[in-house]
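Enquirer: Below is one structure. I have some questions about it.
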Amino acid sequence: MANKLWDKGYSEDARIDAFTVGNDRELDLALAPYDILGTIAHITMLRSVGLLQEEDLHLLVPELRSLYREAIDGGFVIEPDVEDVHSQVELELTRRLGDIGKKVHTGRSRNDQVLLDLNLYARARIEKTVLKAASLFRTLQDASEKYKDVLIPGYTHLQVAMPSSFGLWFGAYAESLASDLGVMKAAWDFVNRNPLGSAAGYGSSAPLDREMTTRLLGFDTLDYNSVYAQMTRGKMERIVSFAYSCIAETVGKLACDGCLFSSQNFGFLHLPDALTTGSSIMPHKKNPDVFELVRAHCNRILAVPGSVRLVTGNLPSGYFRDLQVLKEVFFPIFDVMDDCLDIVGYAVRGMEVNTCVMEDPRYKLSFSVEEVNRLVESGVPFRDAYRQVAASIQDGSFEFHGKLEHTHEGSIGNLCNDRVAARLEKVLEGFGFDKVRSAIAGLAGE
Ligand code: ARG
């Protein structure tokens, strides 16, 4: 007989049990620390509204805190006959404290419990990813500053277009990450709201103090409407995975450029041997597998918001078991994204830059617009200058006579990296990680 919170005295079908639980036991392990913290907040509130005795609270909180430590240290298990993390926590408390353990579910449902766990989990994972993305941002800006005077050709249609620089190229990806983190901040705001108290999706007759649990858990505010709070399941996963897909798009494109620019035909970047992998048949090969895998992993993250959408498709309002399947679609994005951010930072710090790219005559024509502008400055109308330069290209006599001088904001000679860095700092401050950390430490008794 399985340990079911909803046990009503009849025994359930083992096959149905196995199918409905699926892989939830493994996936729920990630939620365990948050389920426990949520329970501490919930029972602290139950005590304050008179639904729990002071002595019970004094017994429950230390037990929950030690369970929390076990969950953080990897010692928390969901037993084979226990349905999910929510059931395991209650069972564990009941084993350790007897009937007192059975009191923690007052005014709560697994529906708002799982919503809460997911918000807390996503919030913690977002913080981790943001710090990694900010570190990659700094790596990229450092490279941009270091190589700001090293020119490379810029391309349109993958045809040589105009002079660019490593300063612009590295800096572009840094600025892209800064924008992505702005989107991530919106996702953070979404998960930084408290669904607890919405119960099964329709509130409770218990006089819950939802503002109190909001404060205790370090949330900014609550998802007020109980029906709406339940509707955030799926919506949250879509919004958060969309924010991850923005970072994935930036990092994947960087990896793509890394593959291209390190090929012999470009030769702009050199990956030291240690950063490459070999071939089993071609003795000379040194391949950029790191960038290729990053590209593939990032592309998979791009698909996640769509996959979430397909699971939640056209569900009516209210809870459905379909929502459980979201975990297996949603959870992998965090480790994958974090690994990609780490390894790309490592590769960027390790790669070598070719400082003589533009000495190659094949890039000479990238200066055609410079020459047109030089003529314009000397008084020739633009279209005439364009034609004059086109004719010199046609007859093979084209030479660029001037000096490359780009001064406007965001150009080769004026990268504005400091202003982009200031923008990022402002976004980072907006997250308010400290407030969240101290709320969690308070609940955990640390
Ligand atoms: N494992 C379930 C889920 O992820 C927990 C909520 C169960 N609620 C219910 N009404 N059966 O959705």
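Here, A, B, ... name the chains of the structure tokens in the order displayed, residue numbers run from 1 inside each chain, and ligands are numbered from 1 in the same displayed order.
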Within 10 Å of range 393-399 of chain A, counting only C-alpha atoms, which residues qualify if same-chain residues fewer than 2 places away don't, as a ChimeraX atom specification?
Expert: /A:364-365,367-368,371,387-391,401-402
Enquirer: List every residue of chain A that has an atom at most 9 Å from any atom of ligand 1, giving for each one its closest atom pair and the distance in Å to one decimal, counting only C-alpha atoms and all ligand atoms, sorted by chain and then by ascending residue number, as a Markdown table.
Expert:
```
| residue | atom | partner | partner_atom_place_in_ligand_line | distance |
| --- | --- | --- | --- | --- |
| A:Thr20 | CA | ligand 1 | 1 (N) | 8.7 |
| A:Val21 | CA | ligand 1 | 1 (N) | 7.2 |
| A:Asp24 | CA | ligand 1 | 1 (N) | 6.3 |
| A:Arg25 | CA | ligand 1 | 1 (N) | 8.6 |
| A:Asp28 | CA | ligand 1 | 1 (N) | 7.9 |
| A:Glu83 | CA | ligand 1 | 1 (N) | 7.6 |
| A:Asp84 | CA | ligand 1 | 1 (N) | 6.0 |
| A:Val85 | CA | ligand 1 | 1 (N) | 8.1 |
| A:His86 | CA | ligand 1 | 5 (C) | 7.7 |
| A:Ser109 | CA | ligand 1 | 8 (N) | 7.4 |
| A:Arg110 | CA | ligand 1 | 6 (C) | 4.8 |
| A:Asn111 | CA | ligand 1 | 6 (C) | 4.9 |
| A:Asp112 | CA | ligand 1 | 6 (C) | 8.1 |
| A:Gln113 | CA | ligand 1 | 6 (C) | 7.6 |
| A:Val114 | CA | ligand 1 | 5 (C) | 5.9 |
| A:Leu115 | CA | ligand 1 | 12 (O) | 8.5 |
| A:Ala200 | CA | ligand 1 | 10 (N) | 7.2 |
| A:Tyr319 | CA | ligand 1 | 10 (N) | 6.6 |
| A:Phe320 | CA | ligand 1 | 10 (N) | 7.0 |
| A:Arg321 | CA | ligand 1 | 12 (O) | 5.4 |
| A:Asp322 | CA | ligand 1 | 12 (O) | 7.4 |
| A:Leu323 | CA | ligand 1 | 12 (O) | 5.4 |
| A:Gln324 | CA | ligand 1 | 4 (O) | 3.7 |
| A:Val325 | CA | ligand 1 | 4 (O) | 7.3 |
| A:Leu326 | CA | ligand 1 | 4 (O) | 8.1 |
| A:Lys327 | CA | ligand 1 | 4 (O) | 7.4 |
```
Enquirer: Got time to write the residues from that selection, N, CA and C atoms, as an mmCIF file, in the first residue's frame?
Expert:
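Output file part.cif is given in full below:
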```
data_model
loop_
_atom_site.group_PDB
_atom_site.id
_atom_site.type_symbol
_atom_site.label_atom_id
_atom_site.label_comp_id
_atom_site.auth_asym_id
_atom_site.auth_seq_id
_atom_site.Cartn_x
_atom_site.Cartn_y
_atom_site.Cartn_z
ATOM 1 N N THR A 20 1.084 7.388 -13.362
ATOM 2 C CA THR A 20 0.761 8.767 -12.995
ATOM 3 C C THR A 20 1.927 9.461 -12.287
ATOM 4 N N VAL A 21 2.704 8.694 -11.549
ATOM 5 C CA VAL A 21 3.874 9.313 -10.900
ATOM 6 C C VAL A 21 4.973 9.535 -11.930
ATOM 7 N N ASP A 24 8.334 11.729 -11.774
ATOM 8 C CA ASP A 24 8.166 12.873 -10.870
ATOM 9 C C ASP A 24 9.042 12.769 -9.623
ATOM 10 N N ARG A 25 9.290 11.536 -9.176
ATOM 11 C CA ARG A 25 10.110 11.387 -7.953
ATOM 12 C C ARG A 25 11.511 11.931 -8.160
ATOM 13 N N ASP A 28 11.268 15.822 -8.767
ATOM 14 C CA ASP A 28 10.863 16.552 -7.561
ATOM 15 C C ASP A 28 12.020 16.770 -6.584
ATOM 16 N N GLU A 83 4.476 9.423 -3.298
ATOM 17 C CA GLU A 83 4.067 9.949 -4.595
ATOM 18 C C GLU A 83 4.927 11.100 -5.100
ATOM 19 N N ASP A 84 5.271 12.012 -4.218
ATOM 20 C CA ASP A 84 6.005 13.198 -4.677
ATOM 21 C C ASP A 84 6.718 13.857 -3.503
ATOM 22 N N VAL A 85 7.399 14.961 -3.770
ATOM 23 C CA VAL A 85 8.170 15.626 -2.723
ATOM 24 C C VAL A 85 7.282 16.155 -1.606
ATOM 25 N N HIS A 86 6.100 16.623 -1.984
ATOM 26 C CA HIS A 86 5.196 17.202 -0.983
ATOM 27 C C HIS A 86 4.773 16.126 0.025
ATOM 28 N N SER A 109 -2.714 23.258 -0.586
ATOM 29 C CA SER A 109 -2.962 22.142 -1.502
ATOM 30 C C SER A 109 -1.641 21.846 -2.189
ATOM 31 N N ARG A 110 -1.494 20.646 -2.720
ATOM 32 C CA ARG A 110 -0.261 20.405 -3.473
ATOM 33 C C ARG A 110 -0.195 21.304 -4.711
ATOM 34 N N ASN A 111 -1.355 21.804 -5.126
ATOM 35 C CA ASN A 111 -1.334 22.666 -6.313
ATOM 36 C C ASN A 111 -0.617 23.985 -6.046
ATOM 37 N N ASP A 112 -0.913 24.621 -4.900
ATOM 38 C CA ASP A 112 -0.165 25.862 -4.640
ATOM 39 C C ASP A 112 1.232 25.547 -4.118
ATOM 40 N N GLN A 113 1.397 24.356 -3.530
ATOM 41 C CA GLN A 113 2.730 23.962 -3.058
ATOM 42 C C GLN A 113 3.686 23.815 -4.234
ATOM 43 N N VAL A 114 3.222 23.148 -5.286
ATOM 44 C CA VAL A 114 4.121 22.928 -6.425
ATOM 45 C C VAL A 114 4.364 24.249 -7.157
ATOM 46 N N LEU A 115 3.344 25.108 -7.208
ATOM 47 C CA LEU A 115 3.545 26.435 -7.808
ATOM 48 C C LEU A 115 4.626 27.201 -7.055
ATOM 49 N N ALA A 200 -5.891 24.950 -3.831
ATOM 50 C CA ALA A 200 -6.115 24.132 -5.018
ATOM 51 C C ALA A 200 -6.390 24.997 -6.250
ATOM 52 N N TYR A 319 -6.375 23.379 -12.236
ATOM 53 C CA TYR A 319 -5.260 22.427 -12.269
ATOM 54 C C TYR A 319 -5.568 21.196 -13.106
ATOM 55 N N PHE A 320 -4.574 20.732 -13.830
ATOM 56 C CA PHE A 320 -4.639 19.444 -14.529
ATOM 57 C C PHE A 320 -3.314 18.718 -14.354
ATOM 58 N N ARG A 321 -3.373 17.420 -14.357
ATOM 59 C CA ARG A 321 -2.145 16.641 -14.177
ATOM 60 C C ARG A 321 -1.178 16.828 -15.351
ATOM 61 N N ASP A 322 -1.698 17.277 -16.494
ATOM 62 C CA ASP A 322 -0.822 17.582 -17.643
ATOM 63 C C ASP A 322 0.373 18.430 -17.203
ATOM 64 N N LEU A 323 0.093 19.319 -16.236
ATOM 65 C CA LEU A 323 1.098 20.311 -15.846
ATOM 66 C C LEU A 323 2.352 19.668 -15.265
ATOM 67 N N GLN A 324 2.182 18.481 -14.711
ATOM 68 C CA GLN A 324 3.324 17.773 -14.126
ATOM 69 C C GLN A 324 4.418 17.532 -15.173
ATOM 70 N N VAL A 325 3.998 17.300 -16.415
ATOM 71 C CA VAL A 325 4.938 16.968 -17.499
ATOM 72 C C VAL A 325 5.871 18.150 -17.817
ATOM 73 N N LEU A 326 5.433 19.348 -17.427
ATOM 74 C CA LEU A 326 6.269 20.530 -17.700
ATOM 75 C C LEU A 326 7.653 20.428 -17.068
ATOM 76 N N LYS A 327 7.721 19.723 -15.948
ATOM 77 C CA LYS A 327 9.019 19.668 -15.248
ATOM 78 C C LYS A 327 10.100 19.083 -16.144
#
```
Enquirer: Identify all residues of range 164-260 of chain A in strand (DSSP E) (DSSP on the backbone) and supply them as JSON, numbers by chain.
Expert: {"A": [164, 165, 193, 194, 221, 222]}
Enquirer: Selection from above, N, CA, C and O atoms, as a compact mmCIF listing (two decimals), in the first residue's frame, can you write it?
Expert:
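As written to disk, out.txt reads:
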```txt
# COMPACT_ATOMS: atom_id res chain seq x y z
N SER A 164 35.53 45.96 -39.62
CA SER A 164 35.00 45.81 -38.26
C SER A 164 36.24 45.64 -37.37
O SER A 164 37.37 45.88 -37.82
N SER A 165 36.02 45.26 -36.15
CA SER A 165 37.18 45.05 -35.26
C SER A 165 36.82 44.00 -34.23
O SER A 165 35.63 43.72 -34.01
N ARG A 193 6.92 36.30 -7.25
CA ARG A 193 5.59 36.56 -6.68
C ARG A 193 5.06 35.28 -6.02
O ARG A 193 5.32 34.18 -6.49
N ASN A 194 4.32 35.49 -4.98
CA ASN A 194 3.91 34.38 -4.12
C ASN A 194 2.55 33.78 -4.50
O ASN A 194 1.52 34.44 -4.35
N THR A 221 5.92 40.47 -4.20
CA THR A 221 4.47 40.65 -4.06
C THR A 221 3.80 39.29 -4.24
O THR A 221 4.48 38.28 -4.21
N LEU A 222 2.49 39.27 -4.37
CA LEU A 222 1.80 37.98 -4.54
C LEU A 222 1.10 37.90 -5.89
O LEU A 222 0.82 38.92 -6.51
```
Enquirer: For Ala347 in chain A, which residue out of A:Thr139, A:Gln230, A:Ser366, A:Asn225 is the nearest one, using only C-alpha atoms?
Expert: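 For Ala347 in chain A, the nearest of the candidates is A:Thr139.
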Enquirer: Env of Tyr121 in chain A: 8 Å cut, atoms = only C-alpha atoms, seq-sep filter 3 positions within chain, self excluded. Answer as a VMD selection string.
Expert: chain A and resid 30 to 31 34 117 to 118 124 to 125
Enquirer: Let me make sure I understand: among A:His284, A:Phe137, A:Ala248, A:Leu443, which one has the smallest atom-to-atom distance to Ala296 in chain A if we use only C-alpha atoms?
Expert: A:Ala248
Enquirer: Just want the 8 Å neighbourhood of range 75-79 of chain A, counted on only C-alpha atoms, with same-chain residues fewer than 4 positions away dropped. Output as a list in words.
Expert: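 Close residues of range 75-79 of chain A: Arg25, Glu26, Leu29, Ala32, Leu67, Glu70, Ala71, Asp84, Val85 and Gln88 of chain A.
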Enquirer: Find the spatial neighbours of Gly278 in chain A, counting only C-alpha atoms, within a cut-off of 10 Å - ignore same-chain residues fewer than 5 positions away - and output them as a PDB file with N, CA, C and O atoms, in the first residue's frame.
Expert:
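Written file, part32.pdb:
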```pdb
ATOM      1  N   ASP A 273      45.490  24.142 -28.962  1.00  0.00           N
ATOM      2  CA  ASP A 273      45.231  22.701 -29.068  1.00  0.00           C
ATOM      3  C   ASP A 273      44.345  22.177 -27.942  1.00  0.00           C
ATOM      4  O   ASP A 273      43.460  21.366 -28.156  1.00  0.00           O
ATOM      5  N   PRO A 283      44.866  12.919 -39.245  1.00  0.00           N
ATOM      6  CA  PRO A 283      45.828  13.235 -38.188  1.00  0.00           C
ATOM      7  C   PRO A 283      45.969  14.731 -37.901  1.00  0.00           C
ATOM      8  O   PRO A 283      46.403  15.109 -36.820  1.00  0.00           O
ATOM      9  N   HIS A 284      45.633  15.565 -38.877  1.00  0.00           N
ATOM     10  CA  HIS A 284      45.890  17.004 -38.697  1.00  0.00           C
ATOM     11  C   HIS A 284      44.765  17.736 -37.978  1.00  0.00           C
ATOM     12  O   HIS A 284      44.901  18.897 -37.631  1.00  0.00           O
ATOM     13  N   LYS A 285      43.618  17.060 -37.754  1.00  0.00           N
ATOM     14  CA  LYS A 285      42.429  17.812 -37.356  1.00  0.00           C
ATOM     15  C   LYS A 285      42.448  18.341 -35.927  1.00  0.00           C
ATOM     16  O   LYS A 285      42.832  17.648 -34.986  1.00  0.00           O
ATOM     17  N   LYS A 286      42.024  19.593 -35.804  1.00  0.00           N
ATOM     18  CA  LYS A 286      41.816  20.215 -34.487  1.00  0.00           C
ATOM     19  C   LYS A 286      40.476  20.938 -34.580  1.00  0.00           C
ATOM     20  O   LYS A 286      40.380  22.014 -35.154  1.00  0.00           O
ATOM     21  N   ASN A 287      39.476  20.316 -34.042  1.00  0.00           N
ATOM     22  CA  ASN A 287      38.101  20.779 -34.302  1.00  0.00           C
ATOM     23  C   ASN A 287      37.514  21.592 -33.145  1.00  0.00           C
ATOM     24  O   ASN A 287      37.817  21.331 -31.984  1.00  0.00           O
ATOM     25  N   PRO A 288      36.645  22.546 -33.508  1.00  0.00           N
ATOM     26  CA  PRO A 288      36.024  23.385 -32.458  1.00  0.00           C
ATOM     27  C   PRO A 288      34.763  22.756 -31.889  1.00  0.00           C
ATOM     28  O   PRO A 288      33.708  23.388 -31.848  1.00  0.00           O
ATOM     29  N   ASP A 289      34.862  21.515 -31.430  1.00  0.00           N
ATOM     30  CA  ASP A 289      33.659  20.810 -30.941  1.00  0.00           C
ATOM     31  C   ASP A 289      32.956  21.557 -29.814  1.00  0.00           C
ATOM     32  O   ASP A 289      31.737  21.470 -29.669  1.00  0.00           O
TER      33      ASP A 289
END
```
Enquirer: A:Tyr244, A:Tyr386, A:Trp169, A:Phe190: which is nearest Gly410 in chain A, counting only C-alpha atoms?
Expert: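 Among the listed residues, A:Trp169 lies closest to Gly410 in chain A.
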Enquirer: Within 8 Å of range 149-154 of chain A, counting only C-alpha atoms, which residues show up once you throw out same-chain ones fewer than 4 positions away? Write them as a list in words, please.
Expert: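 Skipping anything fewer than 4 positions along the chain leaves Val160, Ala161, Met162, Pro163, Ser164, Ser165, Phe166, Gly167, Phe268, Thr355, Cys356, Val357, Met358, Tyr363, Ser366 and Ile412 of chain A.
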Enquirer: For the selection you just gave me, I'd like the residues written to a file as a CSV table (one decimal), in the first residue's frame, keeping all heavy atoms.
Expert:
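File produced: part_15.csv:
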```csv
chain,number,residue,atom,x,y,z
A,160,VAL,N,32.4,40.0,-47.8
A,160,VAL,CA,33.2,41.1,-47.2
A,160,VAL,C,32.5,42.4,-47.4
A,160,VAL,O,32.1,42.8,-48.5
A,160,VAL,CB,34.6,41.1,-47.8
A,160,VAL,CG1,35.3,42.3,-47.3
A,160,VAL,CG2,35.4,39.8,-47.4
A,161,ALA,N,32.3,43.1,-46.3
A,161,ALA,CA,31.5,44.3,-46.4
A,161,ALA,C,32.3,45.6,-46.0
A,161,ALA,O,32.7,46.3,-46.9
A,161,ALA,CB,30.3,44.2,-45.5
A,162,MET,N,32.5,45.8,-44.7
A,162,MET,CA,33.2,47.0,-44.2
A,162,MET,C,34.2,46.6,-43.1
A,162,MET,O,34.0,45.5,-42.5
A,162,MET,CB,32.2,48.0,-43.7
A,162,MET,CG,31.4,48.7,-44.8
A,162,MET,SD,30.3,49.9,-44.2
A,162,MET,CE,31.4,51.1,-43.4
A,163,PRO,N,35.1,47.4,-42.8
A,163,PRO,CA,36.0,47.1,-41.7
A,163,PRO,C,35.2,47.0,-40.4
A,163,PRO,O,34.3,47.8,-40.1
A,163,PRO,CB,37.0,48.3,-41.6
A,163,PRO,CG,36.8,49.0,-42.8
A,163,PRO,CD,35.4,48.8,-43.4
A,164,SER,N,35.5,46.0,-39.6
A,164,SER,CA,35.0,45.8,-38.3
A,164,SER,C,36.2,45.6,-37.4
A,164,SER,O,37.4,45.9,-37.8
A,164,SER,CB,34.1,44.6,-38.2
A,164,SER,OG,33.6,44.4,-36.9
A,165,SER,N,36.0,45.3,-36.1
A,165,SER,CA,37.2,45.1,-35.3
A,165,SER,C,36.8,44.0,-34.2
A,165,SER,O,35.6,43.7,-34.0
A,165,SER,CB,37.6,46.4,-34.6
A,165,SER,OG,36.5,46.7,-33.6
A,166,PHE,N,37.8,43.4,-33.6
A,166,PHE,CA,37.6,42.5,-32.5
A,166,PHE,C,36.9,43.3,-31.3
A,166,PHE,O,36.1,42.7,-30.6
A,166,PHE,CB,38.9,41.8,-32.0
A,166,PHE,CG,39.2,40.6,-32.9
A,166,PHE,CD1,40.3,40.6,-33.6
A,166,PHE,CD2,38.3,39.5,-32.9
A,166,PHE,CE1,40.6,39.5,-34.4
A,166,PHE,CE2,38.6,38.4,-33.7
A,166,PHE,CZ,39.8,38.4,-34.4
A,167,GLY,N,37.2,44.6,-31.2
A,167,GLY,CA,36.6,45.4,-30.2
A,167,GLY,C,35.1,45.4,-30.4
A,167,GLY,O,34.3,45.2,-29.5
A,268,PHE,N,40.7,34.0,-38.3
A,268,PHE,CA,40.7,35.3,-37.4
A,268,PHE,C,41.0,34.9,-35.9
A,268,PHE,O,41.6,35.6,-35.2
A,268,PHE,CB,39.3,35.9,-37.4
A,268,PHE,CG,38.8,36.4,-38.7
A,268,PHE,CD1,37.5,36.9,-38.8
A,268,PHE,CD2,39.6,36.4,-39.8
A,268,PHE,CE1,37.0,37.3,-40.0
A,268,PHE,CE2,39.1,36.8,-41.1
A,268,PHE,CZ,37.8,37.3,-41.2
A,355,THR,N,46.1,39.2,-35.1
A,355,THR,CA,46.2,40.7,-35.1
A,355,THR,C,46.5,41.2,-36.5
A,355,THR,O,46.6,42.4,-36.7
A,355,THR,CB,47.2,41.2,-34.1
A,355,THR,OG1,48.5,40.5,-34.3
A,355,THR,CG2,46.8,40.9,-32.6
A,356,CYS,N,46.7,40.3,-37.5
A,356,CYS,CA,47.1,40.8,-38.8
A,356,CYS,C,46.1,40.5,-39.9
A,356,CYS,O,46.5,40.4,-41.1
A,356,CYS,CB,48.5,40.2,-39.2
A,356,CYS,SG,49.7,40.1,-37.9
A,357,VAL,N,44.9,40.2,-39.5
A,357,VAL,CA,43.9,39.8,-40.5
A,357,VAL,C,43.8,40.7,-41.7
A,357,VAL,O,43.9,40.3,-42.8
A,357,VAL,CB,42.5,39.7,-39.8
A,357,VAL,CG1,41.4,39.3,-40.9
A,357,VAL,CG2,42.5,38.6,-38.7
A,358,MET,N,43.8,42.0,-41.4
A,358,MET,CA,43.5,43.0,-42.5
A,358,MET,C,44.7,43.2,-43.4
A,358,MET,O,44.6,43.9,-44.4
A,358,MET,CB,43.0,44.3,-41.9
A,358,MET,CG,41.7,44.2,-41.3
A,358,MET,SD,40.4,43.6,-42.5
A,358,MET,CE,39.5,45.1,-42.8
A,363,TYR,N,40.9,41.5,-48.3
A,363,TYR,CA,40.0,42.3,-47.6
A,363,TYR,C,40.1,43.8,-48.0
A,363,TYR,O,39.4,44.6,-47.4
A,363,TYR,CB,40.2,42.2,-46.1
A,363,TYR,CG,40.1,40.7,-45.6
A,363,TYR,CD1,41.1,40.1,-44.9
A,363,TYR,CD2,39.0,40.0,-45.9
A,363,TYR,CE1,41.0,38.8,-44.5
A,363,TYR,CE2,38.9,38.6,-45.5
A,363,TYR,CZ,39.9,38.0,-44.8
A,363,TYR,OH,39.8,36.7,-44.5
A,366,SER,N,37.0,46.0,-48.5
A,366,SER,CA,36.2,46.4,-47.4
A,366,SER,C,36.3,47.9,-47.1
A,366,SER,O,35.5,48.5,-46.3
A,366,SER,CB,36.5,45.5,-46.1
A,366,SER,OG,37.8,45.8,-45.6
A,412,ILE,N,33.8,51.5,-34.5
A,412,ILE,CA,35.2,51.0,-34.2
A,412,ILE,C,36.0,51.8,-33.2
A,412,ILE,O,36.6,51.3,-32.3
A,412,ILE,CB,36.0,50.8,-35.5
A,412,ILE,CG1,35.3,49.8,-36.4
A,412,ILE,CG2,37.4,50.4,-35.2
A,412,ILE,CD1,35.9,49.7,-37.8
```
Enquirer: Need to verify the contact set: Ala14 in chain A, 12 Å, only C-alpha atoms, exclusion of same-chain residues closer than 4 positions in sequence. Can you return it as a list in words?
Expert: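 Here the qualifying residues turn out to be Met1, Ala2, Ala18, Phe19, Thr20, Val21, Gly22, Pro80, Asp81 and Glu83 of chain A.
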